[in-house]
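Engineer: My file is coords.pdb. It has PDB, C-alpha atoms and all ligand atoms:
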```pdb
ATOM      1  CA  MET F   1     123.511 -92.618 -13.966
ATOM      2  CA  SER F   2     121.766 -95.015 -11.469
ATOM      3  CA  ASP F   3     118.649 -97.096 -12.189
ATOM      4  CA  SER F   4     116.604 -95.233  -9.648
ATOM      5  CA  SER F   5     117.399 -91.814 -11.243
ATOM      6  CA  SER F   6     116.640 -93.264 -14.663
ATOM      7  CA  SER F   7     113.186 -94.538 -13.624
ATOM      8  CA  GLU F   8     112.503 -91.134 -11.935
ATOM      9  CA  SER F   9     113.346 -89.282 -15.150
ATOM     10  CA  ILE F  10     110.936 -91.545 -17.117
ATOM     11  CA  GLU F  11     108.164 -90.673 -14.626
ATOM     12  CA  ASN F  12     108.995 -86.963 -15.003
ATOM     13  CA  ARG F  13     108.898 -87.238 -18.778
ATOM     14  CA  ASN F  14     105.452 -88.870 -18.556
ATOM     15  CA  ARG F  15     104.262 -85.929 -16.470
ATOM     16  CA  GLY F  16     105.599 -83.593 -19.121
ATOM     17  CA  ARG F  17     103.762 -85.505 -21.855
ATOM     18  CA  SER F  18     100.556 -85.320 -19.883
ATOM     19  CA  LEU F  19     101.009 -81.531 -19.695
ATOM     20  CA  PHE F  20     101.689 -81.475 -23.423
ATOM     21  CA  SER F  21      98.530 -83.446 -24.253
ATOM     22  CA  ASN F  22      96.530 -80.940 -22.160
ATOM     23  CA  ALA F  23      98.158 -78.141 -24.133
ATOM     24  CA  GLU F  24      96.920 -79.696 -27.371
ATOM     25  CA  LYS F  25      93.391 -79.342 -26.099
ATOM     26  CA  PHE F  26      93.996 -75.607 -25.705
ATOM     27  CA  ILE F  27      95.529 -75.317 -29.144
ATOM     28  CA  ILE F  28      92.158 -76.290 -30.578
ATOM     29  CA  ASN F  29      90.786 -73.071 -29.046
ATOM     30  CA  GLY F  30      93.558 -70.952 -30.538
ATOM     31  CA  ASN F  31      97.277 -70.519 -30.096
ATOM     32  CA  PRO F  32      98.210 -67.209 -28.411
ATOM     33  CA  ASN F  33     100.654 -66.621 -31.347
ATOM     34  CA  GLU F  34      97.739 -66.273 -33.715
ATOM     35  CA  LEU F  35      96.106 -63.591 -31.626
ATOM     36  CA  ASP F  36      98.257 -60.668 -32.826
ATOM     37  CA  GLU F  37      95.769 -58.089 -31.635
ATOM     38  CA  ASN F  38      96.198 -59.488 -28.107
ATOM     39  CA  ILE F  39      99.986 -58.995 -27.960
ATOM     40  CA  GLY F  40     100.743 -57.205 -24.715
ATOM     41  CA  THR F  41      97.193 -57.572 -23.469
ATOM     42  CA  PHE F  42      97.308 -61.120 -22.150
ATOM     43  CA  ALA F  43     100.877 -62.441 -22.747
ATOM     44  CA  ARG F  44     103.202 -60.583 -20.376
ATOM     45  CA  VAL F  45     106.325 -61.077 -18.247
ATOM     46  CA  LEU F  46     105.213 -62.625 -14.975
ATOM     47  CA  THR F  47     108.322 -62.094 -12.832
ATOM     48  CA  GLU F  48     110.935 -59.565 -11.701
ATOM     49  CA  LYS F  49     113.666 -62.211 -11.646
ATOM     50  CA  ASP F  50     116.886 -61.852 -13.610
ATOM     51  CA  PRO F  51     116.159 -63.144 -17.147
ATOM     52  CA  LYS F  52     119.432 -65.083 -17.117
ATOM     53  CA  SER F  53     118.866 -66.730 -13.692
ATOM     54  CA  TYR F  54     117.444 -69.913 -15.305
ATOM     55  CA  LYS F  55     120.949 -70.765 -16.423
ATOM     56  CA  ASN F  56     121.895 -71.735 -12.823
ATOM     57  CA  GLU F  57     118.960 -74.193 -12.386
ATOM     58  CA  LEU F  58     119.716 -77.950 -12.350
ATOM     59  CA  TYR F  59     116.164 -79.311 -12.925
ATOM     60  CA  CYS F  60     113.186 -78.447 -15.114
ATOM     61  CA  SER F  61     110.843 -76.314 -13.008
ATOM     62  CA  LEU F  62     107.832 -78.278 -14.365
ATOM     63  CA  CYS F  63     108.776 -81.948 -14.861
ATOM     64  CA  GLU F  64     111.872 -81.755 -12.625
ATOM     65  CA  ILE F  65     114.012 -83.609 -15.148
ATOM     66  CA  SER F  66     117.697 -83.043 -14.652
ATOM     67  CA  PHE F  67     119.404 -80.824 -17.164
ATOM     68  CA  ASP F  68     122.159 -83.445 -17.192
ATOM     69  CA  GLU F  69     119.738 -85.480 -19.328
ATOM     70  CA  VAL F  70     118.040 -82.800 -21.456
ATOM     71  CA  LYS F  71     118.803 -79.319 -22.745
ATOM     72  CA  ARG F  72     118.108 -76.417 -20.393
ATOM     73  CA  LYS F  73     115.826 -73.733 -21.838
ATOM     74  CA  GLY F  74     114.390 -70.562 -20.335
ATOM     75  CA  CYS F  75     110.729 -69.452 -20.478
ATOM     76  CA  ALA F  76     110.624 -65.872 -21.805
ATOM     77  CA  PHE F  77     107.614 -65.047 -19.598
ATOM     78  CA  CYS F  78     108.423 -66.498 -16.145
ATOM     79  CA  TYR F  79     112.272 -66.775 -16.646
ATOM     80  CA  ASN F  80     112.119 -70.289 -15.138
ATOM     81  CA  ALA F  81     114.337 -73.093 -16.409
ATOM     82  CA  VAL F  82     112.335 -75.652 -18.399
ATOM     83  CA  CYS F  83     113.057 -78.627 -20.633
ATOM     84  CA  GLU F  84     112.051 -78.567 -24.318
ATOM     85  CA  GLU F  85     109.106 -80.918 -23.752
ATOM     86  CA  CYS F  86     107.682 -78.577 -21.118
ATOM     87  CA  SER F  87     107.976 -75.599 -23.516
ATOM     88  CA  PRO F  88     106.884 -76.827 -26.964
ATOM     89  CA  PHE F  89     105.338 -73.487 -28.069
ATOM     90  CA  THR F  90     106.378 -69.948 -28.723
ATOM     91  CA  CYS F  91     104.278 -66.919 -28.017
ATOM     92  CA  ALA F  92     104.397 -63.322 -29.285
ATOM     93  CA  HIS F  93     106.337 -61.403 -26.647
ATOM     94  CA  PRO F  94     105.188 -57.897 -25.594
ATOM     95  CA  ASN F  95     108.781 -56.597 -25.302
ATOM     96  CA  THR F  96     110.565 -58.202 -28.278
ATOM     97  CA  LYS F  97     107.432 -58.300 -30.475
ATOM     98  CA  ARG F  98     108.709 -61.706 -31.646
ATOM     99  CA  PRO F  99     107.685 -65.302 -30.879
ATOM    100  CA  GLU F 100     109.546 -66.428 -27.747
ATOM    101  CA  ARG F 101     109.666 -69.746 -25.866
ATOM    102  CA  ILE F 102     106.829 -70.178 -23.405
ATOM    103  CA  CYS F 103     106.564 -72.881 -20.707
ATOM    104  CA  MET F 104     103.344 -74.861 -20.401
ATOM    105  CA  ASN F 105     102.617 -73.209 -17.058
ATOM    106  CA  CYS F 106     102.685 -69.706 -18.596
ATOM    107  CA  TYR F 107     100.888 -71.029 -21.687
ATOM    108  CA  TYR F 108      98.004 -72.325 -19.520
ATOM    109  CA  THR F 109      97.935 -69.103 -17.518
ATOM    110  CA  PHE F 110      97.639 -66.953 -20.648
ATOM    111  CA  MET F 111      95.208 -69.316 -22.371
ATOM    112  CA  GLU F 112      93.054 -69.255 -19.250
ATOM    113  CA  GLU F 113      93.184 -65.445 -19.113
ATOM    114  CA  ASN F 114      92.498 -65.267 -22.834
ATOM    115  CA  SER F 115      89.503 -67.596 -22.519
ATOM    116  CA  TYR F 116      88.275 -65.639 -19.518
ATOM    117  CA  GLN F 117      88.599 -62.354 -21.441
ATOM    118  CA  ARG F 118      86.850 -63.828 -24.477
ATOM    119  CA  VAL F 119      84.036 -65.300 -22.402
ATOM    120  CA  THR F 120      83.697 -62.043 -20.466
ATOM    121  CA  LYS F 121      83.604 -60.085 -23.742
ATOM    122  CA  GLU F 122      81.004 -62.459 -25.220
ATOM    123  CA  LEU F 123      78.952 -62.344 -22.029
ATOM    124  CA  GLN F 124      79.166 -58.549 -22.047
ATOM    125  CA  LEU F 125      78.004 -58.499 -25.695
ATOM    126  CA  MET F 126      75.173 -60.894 -24.852
ATOM    127  CA  PHE F 127      74.267 -58.812 -21.840
ATOM    128  CA  ASP F 128      74.360 -55.587 -23.906
ATOM    129  CA  LYS F 129      72.209 -57.233 -26.589
ATOM    130  CA  GLU F 130      69.781 -58.499 -23.978
ATOM    131  CA  THR F 131      69.733 -55.132 -22.222
ATOM    132  CA  GLN F 132      69.148 -53.397 -25.564
ATOM    133  CA  ALA F 133      66.347 -55.854 -26.362
ATOM    134  CA  LYS F 134      64.822 -55.294 -22.930
ATOM    135  CA  LEU F 135      65.083 -51.507 -23.334
ATOM    136  CA  GLU F 136      63.414 -51.728 -26.742
ATOM    137  CA  GLU F 137      60.736 -54.003 -25.320
ATOM    138  CA  ALA F 138      60.175 -51.553 -22.462
ATOM    139  CA  LYS F 139      59.986 -48.701 -25.004
ATOM    140  CA  LYS F 140      57.474 -50.628 -27.093
ATOM    141  CA  ARG F 141      55.480 -51.508 -23.981
ATOM    142  CA  LYS F 142      55.488 -47.831 -22.946
ATOM    143  CA  GLU F 143      54.318 -46.845 -26.439
ATOM    144  CA  ALA F 144      51.577 -49.458 -26.294
ATOM    145  CA  GLU F 145      50.568 -48.210 -22.849
ATOM    146  CA  ASN F 146      50.460 -44.627 -24.140
ATOM    147  CA  ARG F 147      48.345 -45.708 -27.112
ATOM    148  CA  CYS F 148      46.067 -47.573 -24.702
ATOM    149  CA  GLU F 149      45.718 -44.474 -22.544
ATOM    150  CA  GLU F 150      44.919 -42.361 -25.635
ATOM    151  CA  LEU F 151      42.295 -44.858 -26.742
ATOM    152  CA  GLU F 152      40.795 -44.996 -23.251
ATOM    153  CA  LYS F 153      40.604 -41.190 -23.210
ATOM    154  CA  LEU F 154      38.977 -41.194 -26.656
ATOM    155  CA  LEU F 155      36.521 -43.868 -25.559
ATOM    156  CA  LYS F 156      35.657 -41.838 -22.466
ATOM    157  CA  GLU F 157      35.061 -38.732 -24.599
ATOM    158  CA  ARG F 158      32.927 -40.704 -27.084
ATOM    159  CA  THR F 159      30.961 -42.265 -24.200
ATOM    160  CA  GLU F 160      30.344 -38.829 -22.719
ATOM    161  CA  GLU F 161      29.228 -37.524 -26.123
ATOM    162  CA  PHE F 162      26.968 -40.550 -26.540
ATOM    163  CA  ASP F 163      25.484 -39.965 -23.075
ATOM    164  CA  GLU F 164      24.881 -36.301 -24.011
ATOM    165  CA  VAL F 165      23.102 -37.351 -27.218
ATOM    166  CA  LEU F 166      21.089 -39.969 -25.334
ATOM    167  CA  LYS F 167      20.118 -37.358 -22.761
ATOM    168  CA  SER F 168      18.949 -34.862 -25.418
ATOM    169  CA  LYS F 169      17.148 -37.708 -27.211
ATOM    170  CA  THR F 170      15.279 -38.555 -24.003
ATOM    171  CA  SER F 171      14.485 -34.891 -23.426
ATOM    172  CA  LEU F 172      13.252 -34.534 -27.050
ATOM    173  CA  GLU F 173      11.133 -37.668 -26.683
ATOM    174  CA  SER F 174       9.569 -36.297 -23.532
ATOM    175  CA  GLU F 175       8.916 -32.962 -25.323
ATOM    176  CA  ILE F 176       7.358 -34.837 -28.271
ATOM    177  CA  SER F 177       5.146 -36.859 -25.919
ATOM    178  CA  GLN F 178       4.024 -33.635 -24.210
ATOM    179  CA  LEU F 179       3.336 -32.020 -27.603
ATOM    180  CA  LYS F 180       1.320 -35.097 -28.608
ATOM    181  CA  LYS F 181      -0.682 -34.822 -25.399
ATOM    182  CA  SER F 182      -1.327 -31.124 -26.114
ATOM    183  CA  LEU F 183      -2.309 -31.989 -29.686
ATOM    184  CA  ASP F 184      -4.738 -34.652 -28.425
ATOM    185  CA  LYS F 185      -6.211 -32.116 -26.022
ATOM    186  CA  ILE F 186      -6.583 -29.562 -28.845
ATOM    187  CA  ASN F 187      -8.166 -32.223 -31.075
ATOM    188  CA  ASP F 188     -10.570 -33.110 -28.279
ATOM    189  CA  GLU F 189     -11.423 -29.451 -27.822
ATOM    190  CA  MET F 190     -11.878 -29.011 -31.567
ATOM    191  CA  SER F 191     -14.214 -32.002 -31.815
ATOM    192  CA  ARG F 192     -16.193 -30.698 -28.815
ATOM    193  CA  SER F 193     -16.329 -27.250 -30.431
ATOM    194  CA  LYS F 194     -17.562 -28.829 -33.674
ATOM    195  CA  GLU F 195     -20.302 -30.595 -31.735
ATOM    196  CA  ASN F 196     -21.164 -27.289 -30.075
ATOM    197  CA  ILE F 197     -21.218 -25.500 -33.404
ATOM    198  CA  SER F 198     -23.514 -28.074 -35.019
ATOM    199  CA  PHE F 199     -25.767 -27.992 -31.960
ATOM    200  CA  ILE F 200     -25.883 -24.159 -32.148
ATOM    201  CA  GLN F 201     -26.447 -24.267 -35.887
ATOM    202  CA  LYS F 202     -29.391 -26.634 -35.354
ATOM    203  CA  LYS F 203     -30.730 -24.447 -32.554
ATOM    204  CA  PHE F 204     -30.304 -21.385 -34.785
ATOM    205  CA  SER F 205     -32.162 -23.034 -37.649
ATOM    206  CA  ASP F 206     -34.955 -24.097 -35.224
ATOM    207  CA  GLN F 207     -35.162 -20.540 -33.979
ATOM    208  CA  GLU F 208     -35.318 -19.228 -37.547
ATOM    209  CA  THR F 209     -38.191 -21.626 -38.284
ATOM    210  CA  GLN F 210     -39.878 -20.469 -35.075
ATOM    211  CA  ILE F 211     -39.285 -16.811 -36.058
ATOM    212  CA  SER F 212     -40.808 -17.294 -39.516
ATOM    213  CA  LYS F 213     -43.785 -19.046 -37.926
ATOM    214  CA  LEU F 214     -44.178 -16.191 -35.425
ATOM    215  CA  ILE F 215     -43.836 -13.577 -38.189
ATOM    216  CA  GLU F 216     -46.534 -15.369 -40.121
ATOM    217  CA  GLU F 217     -48.732 -15.493 -37.002
ATOM    218  CA  ASN F 218     -48.010 -11.823 -36.370
ATOM    219  CA  ASN F 219     -49.030 -10.913 -39.924
ATOM    220  CA  LYS F 220     -52.239 -12.820 -39.502
ATOM    221  CA  LEU F 221     -52.940 -10.999 -36.246
ATOM    222  CA  SER F 222     -52.183  -7.626 -37.852
ATOM    223  CA  ASP F 223     -54.693  -8.396 -40.608
ATOM    224  CA  GLN F 224     -57.239  -9.424 -38.017
ATOM    225  CA  ILE F 225     -56.681  -6.181 -36.067
ATOM    226  CA  LYS F 226     -57.106  -4.059 -39.191
ATOM    227  CA  LYS F 227     -60.347  -5.863 -40.028
ATOM    228  CA  SER F 228     -61.657  -5.421 -36.498
ATOM    229  CA  GLN F 229     -60.823  -1.683 -36.401
ATOM    230  CA  THR F 230     -62.787  -1.035 -39.682
ATOM    231  CA  GLY F 231     -65.767  -3.377 -38.988
ATOM    232  CA  GLU F 232     -69.247  -2.702 -37.243
ATOM    233  CA  GLU F 233     -68.492  -4.729 -34.212
ATOM    234  CA  ASN F 234     -65.809  -2.164 -33.390
ATOM    235  CA  ASN F 235     -66.834  -1.439 -29.843
ATOM    236  CA  GLN F 236     -67.649  -4.966 -28.910
ATOM    237  CA  ASN F 237     -64.336  -6.157 -30.085
ATOM    238  CA  SER F 238     -62.153  -3.361 -28.649
ATOM    239  CA  LEU F 239     -61.088  -5.525 -25.648
ATOM    240  CA  GLU F 240     -60.195  -8.374 -27.924
ATOM    241  CA  VAL F 241     -58.232  -5.961 -30.158
ATOM    242  CA  GLU F 242     -56.242  -4.686 -27.194
ATOM    243  CA  LYS F 243     -55.468  -8.239 -26.209
ATOM    244  CA  LEU F 244     -54.350  -8.999 -29.757
ATOM    245  CA  ILE F 245     -52.137  -5.901 -29.878
ATOM    246  CA  LYS F 246     -50.539  -6.946 -26.590
ATOM    247  CA  GLU F 247     -49.989 -10.467 -27.956
ATOM    248  CA  ASN F 248     -48.599  -8.933 -31.126
ATOM    249  CA  ASN F 249     -46.154  -6.805 -29.120
ATOM    250  CA  ASP F 250     -45.093  -9.841 -27.034
ATOM    251  CA  LEU F 251     -44.481 -11.741 -30.237
ATOM    252  CA  LYS F 252     -42.389  -8.857 -31.605
ATOM    253  CA  GLU F 253     -40.330  -8.843 -28.373
ATOM    254  CA  LYS F 254     -39.855 -12.593 -28.572
ATOM    255  CA  ILE F 255     -38.775 -12.409 -32.247
ATOM    256  CA  LYS F 256     -36.371  -9.610 -31.399
ATOM    257  CA  PHE F 257     -34.944 -11.662 -28.512
ATOM    258  CA  LEU F 258     -34.607 -14.799 -30.675
ATOM    259  CA  GLN F 259     -32.974 -12.832 -33.498
ATOM    260  CA  THR F 260     -30.289 -11.455 -31.166
ATOM    261  CA  SER F 261     -29.786 -14.369 -28.724
ATOM    262  CA  PRO F 262     -28.405 -17.153 -31.071
ATOM    263  CA  LYS F 263     -25.443 -14.961 -32.103
ATOM    264  CA  ALA F 264     -24.562 -14.279 -28.463
ATOM    265  CA  SER F 265     -24.923 -17.949 -27.585
ATOM    266  CA  THR F 266     -22.774 -19.016 -30.588
ATOM    267  CA  CYS F 267     -19.892 -16.774 -29.481
ATOM    268  CA  GLY F 268     -20.119 -18.005 -25.894
ATOM    269  CA  CYS F 269     -20.064 -21.708 -26.818
ATOM    270  CA  ILE F 270     -17.073 -21.514 -29.177
ATOM    271  CA  ILE F 271     -14.983 -19.766 -26.556
ATOM    272  CA  SER F 272     -15.868 -22.297 -23.855
TER     273      SER F 272
HETATM  274 ZN    ZN Q   1     110.303 -80.435 -18.148
HETATM  275 ZN    ZN Q   2     107.077 -69.864 -18.026
END
```
Spell out the structure here as structure tokens.

Structural biologist:
Amino acid sequence: MSDSSSSESIENRNRGRSLFSNAEKFIINGNPNELDENIGTFARVLTEKDPKSYKNELYCSLCEISFDEVKRKGCAFCYNAVCEECSPFTCAHPNTKRPERICMNCYYTFMEENSYQRVTKELQLMFDKETQAKLEEAKKRKEAENRCEELEKLLKERTEEFDEVLKSKTSLESEISQLKKSLDKINDEMSRSKENISFIQKKFSDQETQISKLIEENNKLSDQIKKSQTGEENNQNSLEVEKLIKENNDLKEKIKFLQTSPKASTCGCIIS
């Protein structure tokens, strides 16, 4: 083996190690072997090549090391020839249901798909949760809106009722004020009627006094007439007697008028 080929193989080995150290990073996130439930869902055969074709290859398909230097192995997923360093893991195989050798290229591919599926699943869950939360929020908002509408309706009804009551209160107040006015008018009329009545009563009493005076006067005159009719100066006094009789009759008329008129006047005044 020449020096140049030896230094080339060292470089290739370093490339393989760098791939390996990257693989370790992925292992932290989970080895596909551990994900039994994912067998057949993300690890699969990636080629239609003959599974035995790797046996004719001279170099590792990843680090290109010659199989003169290292053992030739075959990846069970891409059927490529790889060295042991470029295929440090095994992975559950969908056909054999057993752990099979996997090259780092296939390992990365499946890890990437696995991560993508996991992230997608988590995002979907998050999205569903968020959507559910939004739906519930919308439902709550709708309920609150409905409650608001109900309250607004109730408030409107109460306001209308209040307005009705206020209206009837105003109308009642106006009726009361009118009744008060009527009452004042009636009181005024009553006080005026009382004044009228007392005035009439006074007038009536005056008239009664006048009547008794006139009756007394009339009696005196009657006595005088009687005396004159029986006395000696009968003839001389006949003119005077006639005059007295006339006066007496006038007085009787006046008394009669006074006795009837106050009652009539009383009735008239009370009515007015
Ligand atoms: Zn290799
Ligand atoms: Zn492979």

Engineer: Atom CA of F:Glu137 and atom CA of F:Glu152, how far apart in Å?

Structural biologist: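 Interatomic distance, atom CA of F:Glu152 to atom CA of F:Glu137: 22.0 Å.
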
Engineer: Within 12 Å of ligand ZN 2 (chain Q), counting only C-alpha atoms and all ligand atoms: which residues, as a ChimeraX atom specification?

Structural biologist: /F:43-47,49,51,54,60-62,73-84,86-91,100-110

Engineer: Which residue, F:Ser182, F:Ser191, F:Ser115, F:Ser66, has the smallest gap to ligand ZN 1 (chain Q) when you use all atoms listed in the file?

Structural biologist: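 Of the candidates, the smallest distance to ligand ZN 1 (chain Q) is held by F:Ser66.
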
Engineer: Step by step, gather every atom of stretch 100-111 of chain F that the file lists, find the box along x, y and z that holds them, add 4 Å on each side, and finally give centre and edge lengths in Å to one decimal, as lines of an AutoDock Vina configuration file.

Structural biologist:
```
center_x = 102.4
center_y = -70.6
center_z = -22.4
size_x = 22.5
size_y = 16.4
size_z = 18.7
```

Engineer: Going by the chain IDs and residue numbers used in this file, which residues fall under the PyMOL selection byres (((chain F and resi 204-210) around 9) and not hetatm)? Write them as number ranges by chain.

Structural biologist: F: 199-203, 211-215, 255, 258-259, 262-263, 266

Engineer: Rounded to one decimal in Å, what is the spacing between atom CA of F:Lys52 and atom CA of F:Met111?

Structural biologist: 25.1 Å

Engineer: Give me, as a PyMOL selection string, all polymer residues having an atom no more than 8 Å from F:Asn218, counting all atoms listed in the file and skipping those fewer than 4 positions away in the same chain.

Structural biologist: chain F and resi 214+222+248+251-252

Engineer: Could the residues in this selection be written to a file with C-alpha atoms, as a short mmCIF file (atom, residue, chain, number, x, y, z; two decimals), in the frame of the given file?

Structural biologist:
```cif
data_model
loop_
_atom_site.label_atom_id
_atom_site.label_comp_id
_atom_site.auth_asym_id
_atom_site.auth_seq_id
_atom_site.Cartn_x
_atom_site.Cartn_y
_atom_site.Cartn_z
CA LEU F 214 -44.18 -16.19 -35.42
CA SER F 222 -52.18 -7.63 -37.85
CA ASN F 248 -48.60 -8.93 -31.13
CA LEU F 251 -44.48 -11.74 -30.24
CA LYS F 252 -42.39 -8.86 -31.60
#
```

Engineer: Under the rule that only C-alpha atoms and all ligand atoms are counted, which of F:Lys181, F:Arg141, F:Arg72, F:Lys55 is the nearest residue to ligand ZN 1 (chain Q)?

Structural biologist: F:Arg72

Engineer: Mind giving me the straight-line distance from atom CA of F:Lys226 to atom CA of F:Val241 in Å, one decimal?

Structural biologist: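 Here the two named atoms are 9.3 Å from each other.
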